[in-house]
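S.K.: Please find run31.txt (compact mmCIF, C-alpha atoms) on the next line:
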```txt
# COMPACT_ATOMS: atom_id res chain seq x y z
CA MET A 1 97.51 104.82 122.10
CA PRO A 2 97.33 107.49 119.41
CA TRP A 3 95.71 107.61 116.04
CA ILE A 4 98.11 108.54 113.28
CA VAL A 5 96.82 111.15 110.84
CA GLY A 6 98.70 111.46 107.57
CA VAL A 7 98.06 114.45 105.33
CA SER A 8 99.15 114.01 101.71
CA GLY A 9 99.35 116.52 98.88
CA ALA A 10 95.81 116.22 97.48
CA SER A 11 93.49 119.20 97.58
CA GLY A 12 91.26 119.02 100.64
CA THR A 13 93.17 120.29 103.66
CA PRO A 14 89.86 121.31 105.34
CA TYR A 15 88.99 117.58 105.49
CA ALA A 16 92.17 116.91 107.46
CA ALA A 17 91.47 119.83 109.80
CA ALA A 18 87.94 118.58 110.50
CA VAL A 19 89.19 115.06 111.24
CA LEU A 20 91.89 116.36 113.56
CA ARG A 21 89.47 118.61 115.46
CA ALA A 22 87.00 115.75 115.90
CA LEU A 23 89.64 113.29 117.10
CA LEU A 24 90.88 115.77 119.68
CA ALA A 25 87.31 116.61 120.75
CA ALA A 26 86.72 112.88 121.29
CA GLY A 27 89.68 112.78 123.68
CA GLU A 28 91.92 110.89 121.26
CA SER A 29 95.64 111.56 121.02
CA VAL A 30 97.07 112.12 117.56
CA ASP A 31 100.41 111.53 115.89
CA LEU A 32 100.55 113.84 112.87
CA VAL A 33 102.55 113.40 109.66
CA VAL A 34 102.26 116.20 107.10
CA SER A 35 103.90 115.36 103.78
CA ARG A 36 106.08 117.84 101.93
CA ALA A 37 103.60 118.02 99.05
CA SER A 38 100.71 118.70 101.43
CA ARG A 39 102.49 121.76 102.81
CA LEU A 40 102.32 123.33 99.35
CA THR A 41 98.61 122.50 99.16
CA LEU A 42 98.02 123.92 102.63
CA LEU A 43 99.81 127.11 101.71
CA ASP A 44 97.77 127.40 98.51
CA GLU A 45 94.40 126.65 100.13
CA THR A 46 94.81 128.55 103.40
CA GLY A 47 97.88 130.78 103.17
CA ILE A 48 99.39 128.91 106.14
CA SER A 49 103.00 127.74 106.03
CA PHE A 50 103.43 124.51 108.00
CA ARG A 51 106.93 124.53 109.48
CA ASP A 52 108.53 121.76 111.52
CA ALA A 53 110.15 124.25 113.88
CA HIS A 54 106.85 126.06 114.50
CA TRP A 55 104.37 123.25 113.94
CA GLN A 56 102.26 123.90 117.05
CA HIS A 57 101.63 127.52 116.10
CA ASP A 58 100.95 126.64 112.46
CA LEU A 59 98.69 123.70 113.35
CA ARG A 60 96.70 125.81 115.79
CA GLU A 61 96.17 128.45 113.11
CA TRP A 62 95.14 125.77 110.61
CA LEU A 63 92.64 124.02 112.89
CA ALA A 64 91.10 127.34 113.93
CA ARG A 65 90.28 128.17 110.30
CA GLY A 66 86.87 127.30 108.85
CA ALA A 67 86.38 125.53 105.54
CA ASP A 68 85.39 128.90 104.05
CA GLY A 69 88.83 130.28 104.93
CA LYS A 70 87.74 132.46 107.85
CA PRO A 71 90.30 132.51 110.68
CA ASP A 72 89.40 131.93 114.34
CA THR A 73 86.25 129.98 113.46
CA PHE A 74 87.09 127.15 115.88
CA ASP A 75 88.88 126.86 119.20
CA ALA A 76 92.03 124.85 118.56
CA ASP A 77 93.77 123.02 121.40
CA VAL A 78 96.66 121.03 119.91
CA SER A 79 98.05 119.72 123.20
CA GLY A 80 96.95 116.20 122.24
CA VAL A 81 99.03 116.19 119.05
CA ARG A 82 102.54 114.90 118.48
CA HIS A 83 104.16 115.90 115.21
CA TRP A 84 106.62 113.79 113.25
CA SER A 85 108.55 115.19 110.28
CA ALA A 86 107.69 113.47 107.00
CA GLY A 87 111.38 112.94 106.30
CA ASP A 88 112.11 111.24 109.62
CA LEU A 89 112.19 107.55 108.72
CA ALA A 90 113.47 106.75 112.23
CA ALA A 91 110.32 108.21 113.84
CA GLY A 92 108.24 106.15 116.22
CA PRO A 93 105.44 105.31 113.74
CA SER A 94 107.97 103.85 111.28
CA SER A 95 108.16 100.71 113.43
CA GLY A 96 105.49 98.10 114.06
CA SER A 97 106.54 98.01 117.71
CA TYR A 98 105.26 101.57 118.13
CA PRO A 99 101.70 101.12 119.47
CA THR A 100 98.88 102.94 117.65
CA LYS A 101 95.15 102.49 117.12
CA GLY A 102 95.56 102.84 113.37
CA MET A 103 96.02 105.46 110.70
CA LEU A 104 93.84 107.88 108.76
CA ILE A 105 95.18 109.37 105.52
CA VAL A 106 93.13 112.45 104.74
CA PRO A 107 93.19 113.63 102.08
CA ALA A 108 94.98 110.90 100.14
CA SER A 109 96.42 111.83 96.76
CA THR A 110 96.66 109.29 93.95
CA ALA A 111 100.45 109.38 94.32
CA CYS A 112 100.08 108.53 98.00
CA VAL A 113 97.59 105.75 97.19
CA ALA A 114 100.04 104.29 94.66
CA GLY A 115 102.97 104.50 97.06
CA VAL A 116 101.09 102.71 99.84
CA ALA A 117 99.62 100.08 97.52
CA LEU A 118 103.07 99.32 96.07
CA GLY A 119 104.82 99.46 99.44
CA LEU A 120 107.27 102.15 98.35
CA SER A 121 107.72 103.80 101.78
CA LYS A 122 109.34 106.85 100.20
CA ASP A 123 108.55 109.02 103.23
CA LEU A 124 107.25 108.60 106.77
CA LEU A 125 103.61 108.84 105.68
CA GLN A 126 103.91 105.93 103.25
CA ARG A 127 106.11 103.93 105.63
CA THR A 128 103.63 104.35 108.47
CA ALA A 129 100.76 103.23 106.23
CA SER A 130 102.73 100.12 105.25
CA VAL A 131 103.43 99.40 108.92
CA THR A 132 99.74 99.86 109.73
CA LEU A 133 98.78 97.28 107.11
CA LYS A 134 101.41 94.72 108.07
CA GLU A 135 100.44 95.00 111.74
CA ARG A 136 96.77 94.48 110.78
CA ARG A 137 95.74 97.80 112.28
CA ARG A 138 92.96 99.96 110.91
CA LEU A 139 93.89 102.06 107.87
CA VAL A 140 91.42 104.55 106.39
CA VAL A 141 92.31 106.15 103.06
CA ALA A 142 90.25 109.23 102.11
CA VAL A 143 91.13 109.46 98.44
CA ARG A 144 90.49 112.88 96.86
CA GLU A 145 90.76 112.93 93.10
CA THR A 146 88.54 112.94 90.03
CA PRO A 147 88.37 111.32 87.58
CA LEU A 148 90.07 108.12 88.70
CA ASP A 149 92.00 106.20 86.07
CA GLY A 150 92.44 102.45 85.91
CA ARG A 151 95.82 102.45 87.65
CA THR A 152 94.47 104.28 90.69
CA LEU A 153 91.38 102.08 90.79
CA ARG A 154 93.61 99.00 90.81
CA HIS A 155 95.71 100.53 93.60
CA LEU A 156 92.56 101.17 95.63
CA VAL A 157 91.45 97.56 95.14
CA THR A 158 94.89 96.47 96.34
CA LEU A 159 94.44 98.55 99.49
CA ASP A 160 90.96 97.15 100.05
CA ASP A 161 92.29 93.60 99.63
CA ALA A 162 94.99 94.41 102.20
CA GLY A 163 92.34 95.41 104.74
CA ALA A 164 92.22 99.19 104.36
CA SER A 165 88.95 101.14 104.24
CA VAL A 166 88.75 103.33 101.14
CA VAL A 167 86.59 106.41 101.83
CA PRO A 168 86.29 108.72 98.80
CA ALA A 169 86.00 112.38 99.75
CA SER A 170 82.47 112.57 98.34
CA PRO A 171 80.08 114.68 100.43
CA ALA A 172 76.40 113.76 100.53
CA PHE A 173 73.46 116.15 100.75
CA TYR A 174 70.84 114.19 102.72
CA ALA A 175 72.25 115.56 105.99
CA GLY A 176 70.88 119.03 105.24
CA ALA A 177 74.09 120.86 104.40
CA THR A 178 73.69 124.64 104.25
CA HIS A 179 77.37 125.64 104.40
CA ILE A 180 80.65 124.43 102.95
CA GLN A 181 81.70 123.37 106.46
CA ASP A 182 78.74 120.96 106.57
CA LEU A 183 79.98 119.22 103.42
CA VAL A 184 83.51 119.01 104.78
CA ASP A 185 82.26 117.69 108.12
CA PHE A 186 80.23 114.98 106.38
CA VAL A 187 83.34 113.56 104.72
CA ALA A 188 85.34 113.88 107.93
CA GLY A 189 82.54 112.11 109.79
CA ARG A 190 82.53 109.21 107.33
CA VAL A 191 86.31 108.88 107.77
CA LEU A 192 85.82 108.68 111.53
CA ASP A 193 82.95 106.21 111.09
CA ALA A 194 85.31 103.92 109.19
CA ALA A 195 87.79 104.25 112.05
CA GLY A 196 85.15 103.55 114.71
CA VAL A 197 85.56 106.93 116.41
CA GLY A 198 82.45 108.60 117.78
CA HIS A 199 81.52 112.12 116.66
CA ASP A 200 78.61 114.46 115.96
CA LEU A 201 79.86 116.00 112.73
CA TYR A 202 76.79 115.30 110.60
CA ARG A 203 73.11 114.38 110.79
CA ARG A 204 72.69 110.64 110.29
CA TRP A 205 70.07 109.08 108.05
CA ARG A 206 67.03 107.97 110.06
CA GLY A 207 64.77 106.78 107.27
CA ASP A 208 62.71 109.97 107.21
CA LEU A 209 62.52 111.40 103.70
CA GLY A 210 63.11 115.13 103.79
CA GLY A 211 63.92 115.04 107.49
CA ALA A 212 67.01 117.19 107.07
CA ARG A 213 65.31 119.98 105.13
CA PRO A 214 64.96 123.39 106.81
CA THR A 215 61.47 123.93 108.18
CA ASP A 216 61.30 127.71 107.62
```
Please, can you express the file's structure as structure tokens?
M.R.:
Amino acid sequence: MPWIVGVSGASGTPYAAAVLRALLAAGESVDLVVSRASRLTLLDETGISFRDAHWQHDLREWLARGADGKPDTFDADVSGVRHWSAGDLAAGPSSGSYPTKGMLIVPASTACVAGVALGLSKDLLQRTASVTLKERRRLVVAVRETPLDGRTLRHLVTLDDAGASVVPASPAFYAGATHIQDLVDFVAGRVLDAAGVGHDLYRRWRGDLGGARPTD
């Protein structure tokens, strides 16, 4: 069964790329839903146009790019990915009878959070999240916004009450980050931790103060 990865319009497309690479490296299959708004963000942050008709080429280019914007930083094998158009409300993941392991929304915009919390199902991403909740499957929401107002905080509490895991895109520094990719990978790793997917994206805390500091 696949994991569904939904990419909404919030800034933070490198987080989504890191999660996708790690899922594929772990041997997981992925169903991908890229919202219309997120395609504008992707274009702005990377210069990549994500097109339904050429999604494999565009996804491969995206996943190969590092968080610093450098192309061909990673090897990108997208053979384990199935893409569904965000406007296709008859897609497999729109139904609870379509078997999945759960869904990761990364990054999640406040508009996406509101839509899922209110059950709006205005596109396939929101519909799939609603299906994931009603089927009692794992839903991880990596919200990326600051500051958060009261309405969004209430929506996040609603999602938590419904059984979702809310994972703010807030990188930590105890893992010894020395590059922007390290900070991105920390957030991606915490998303995967919430999903129960194994990875080696960041150095875990072992109770040793200063253990992650460079020695030279």
S.K.: In Å to one decimal, how far is atom CA of Asp68 of chain A from atom CA of Arg204 of chain A?
M.R.: 23.1 Å
S.K.: Rounded to one decimal, what separation in Å do you get between atom CA of Ser29 of chain A and atom CA of Gln181 of chain A?
M.R.: 23.4 Å
S.K.: Considering only C-alpha atoms, can you say which of A:Tyr15, A:Leu63, A:Gly115, A:Thr46 comes closest to Val167 of chain A?
M.R.: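 Closest candidate: A:Tyr15.
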S.K.: Of the candidates A:Arg203, A:Arg190, A:Arg151, A:Arg144, which shows the shortest atom-to-atom distance to Pro168 of chain A, using all atoms listed in the file?
M.R.: A:Arg144
S.K.: Pick from A:Gly9, A:Gly102, A:Thr158, A:Val30: nearest to Val116 of chain A, with all atoms listed in the file counted?
M.R.: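 Of A:Gly9, A:Gly102, A:Thr158, A:Val30, the one nearest Val116 of chain A is A:Thr158, counting all atoms listed in the file.
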S.K.: So that I can check the surroundings of Arg138 of chain A, please list as an mmCIF file with C-alpha atoms, in the coordinates of the input every protein, DNA and RNA residue that reaches within 12 Å of it, counting all atoms listed in the file and ignoring chain neighbours fewer than 2 positions away.
M.R.:
```cif
data_model
loop_
_atom_site.group_PDB
_atom_site.id
_atom_site.type_symbol
_atom_site.label_atom_id
_atom_site.label_comp_id
_atom_site.auth_asym_id
_atom_site.auth_seq_id
_atom_site.Cartn_x
_atom_site.Cartn_y
_atom_site.Cartn_z
ATOM 1 C CA TRP A 3 95.710 107.610 116.040
ATOM 2 C CA ILE A 4 98.110 108.540 113.280
ATOM 3 C CA VAL A 5 96.820 111.150 110.840
ATOM 4 C CA THR A 100 98.880 102.940 117.650
ATOM 5 C CA LYS A 101 95.150 102.490 117.120
ATOM 6 C CA GLY A 102 95.560 102.840 113.370
ATOM 7 C CA MET A 103 96.020 105.460 110.700
ATOM 8 C CA LEU A 104 93.840 107.880 108.760
ATOM 9 C CA ILE A 105 95.180 109.370 105.520
ATOM 10 C CA THR A 128 103.630 104.350 108.470
ATOM 11 C CA ALA A 129 100.760 103.230 106.230
ATOM 12 C CA SER A 130 102.730 100.120 105.250
ATOM 13 C CA VAL A 131 103.430 99.400 108.920
ATOM 14 C CA THR A 132 99.740 99.860 109.730
ATOM 15 C CA LEU A 133 98.780 97.280 107.110
ATOM 16 C CA LYS A 134 101.410 94.720 108.070
ATOM 17 C CA GLU A 135 100.440 95.000 111.740
ATOM 18 C CA ARG A 136 96.770 94.480 110.780
ATOM 19 C CA VAL A 140 91.420 104.550 106.390
ATOM 20 C CA VAL A 141 92.310 106.150 103.060
ATOM 21 C CA LEU A 159 94.440 98.550 99.490
ATOM 22 C CA ASP A 160 90.960 97.150 100.050
ATOM 23 C CA ALA A 162 94.990 94.410 102.200
ATOM 24 C CA GLY A 163 92.340 95.410 104.740
ATOM 25 C CA ALA A 164 92.220 99.190 104.360
ATOM 26 C CA SER A 165 88.950 101.140 104.240
ATOM 27 C CA VAL A 166 88.750 103.330 101.140
ATOM 28 C CA VAL A 191 86.310 108.880 107.770
ATOM 29 C CA LEU A 192 85.820 108.680 111.530
ATOM 30 C CA ASP A 193 82.950 106.210 111.090
ATOM 31 C CA ALA A 194 85.310 103.920 109.190
ATOM 32 C CA ALA A 195 87.790 104.250 112.050
ATOM 33 C CA GLY A 196 85.150 103.550 114.710
ATOM 34 C CA VAL A 197 85.560 106.930 116.410
#
```
S.K.: Skipping near chain neighbours, those fewer than 3 positions away, what residues fall within 9 Å of Thr73 of chain A using only C-alpha atoms, listed as a list in words?
M.R.: Leu63, Ala64, Arg65, Gly66, Gly69 and Lys70 of chain A
S.K.: Using all atoms listed in the file, can you tell me which of A:Leu125, A:Ala22, A:Ala53, A:Val78 comes closest to Ser35 of chain A?
M.R.: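 Using all atoms listed in the file, the shortest distance to Ser35 of chain A belongs to A:Leu125.
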S.K.: Find the residues with any atom within 12 Å of (111.8, 104.2, 111.8); use all atoms listed in the file and the coordinates as given in the file, and write the answer as a VMD selection string.
M.R.: chain A and resid 84 to 98 121 123 to 128 130 to 131
S.K.: What does the structure give for the distance between atom CA of Gly198 of chain A and atom CA of Asp72 of chain A, in Å to one decimal?
M.R.: 24.6 Å
S.K.: Here is a test: counting all atoms listed in the file, which residue of A:Gly6, A:Gly27, A:Pro71, A:Pro171 is nearest to Arg39 of chain A?
M.R.: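 Closest candidate: A:Gly6.
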S.K.: Of the candidates A:Ala17, A:Thr146, A:Arg137, A:Ala111, which one gets nearest to Asp58 of chain A if we count only C-alpha atoms?
M.R.: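 Using only C-alpha atoms, Asp58 of chain A sits closest to A:Ala17.
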S.K.: Excluding segment 206-210 of chain A and its own-chain neighbours fewer than 6 positions away, which residues fall within 12 Å of it when counting all atoms listed in the file? Please give them as a list in words.
M.R.: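 Contacts, with the query itself left out: Phe173, Tyr174, Ala175 and Gly176 of chain A.
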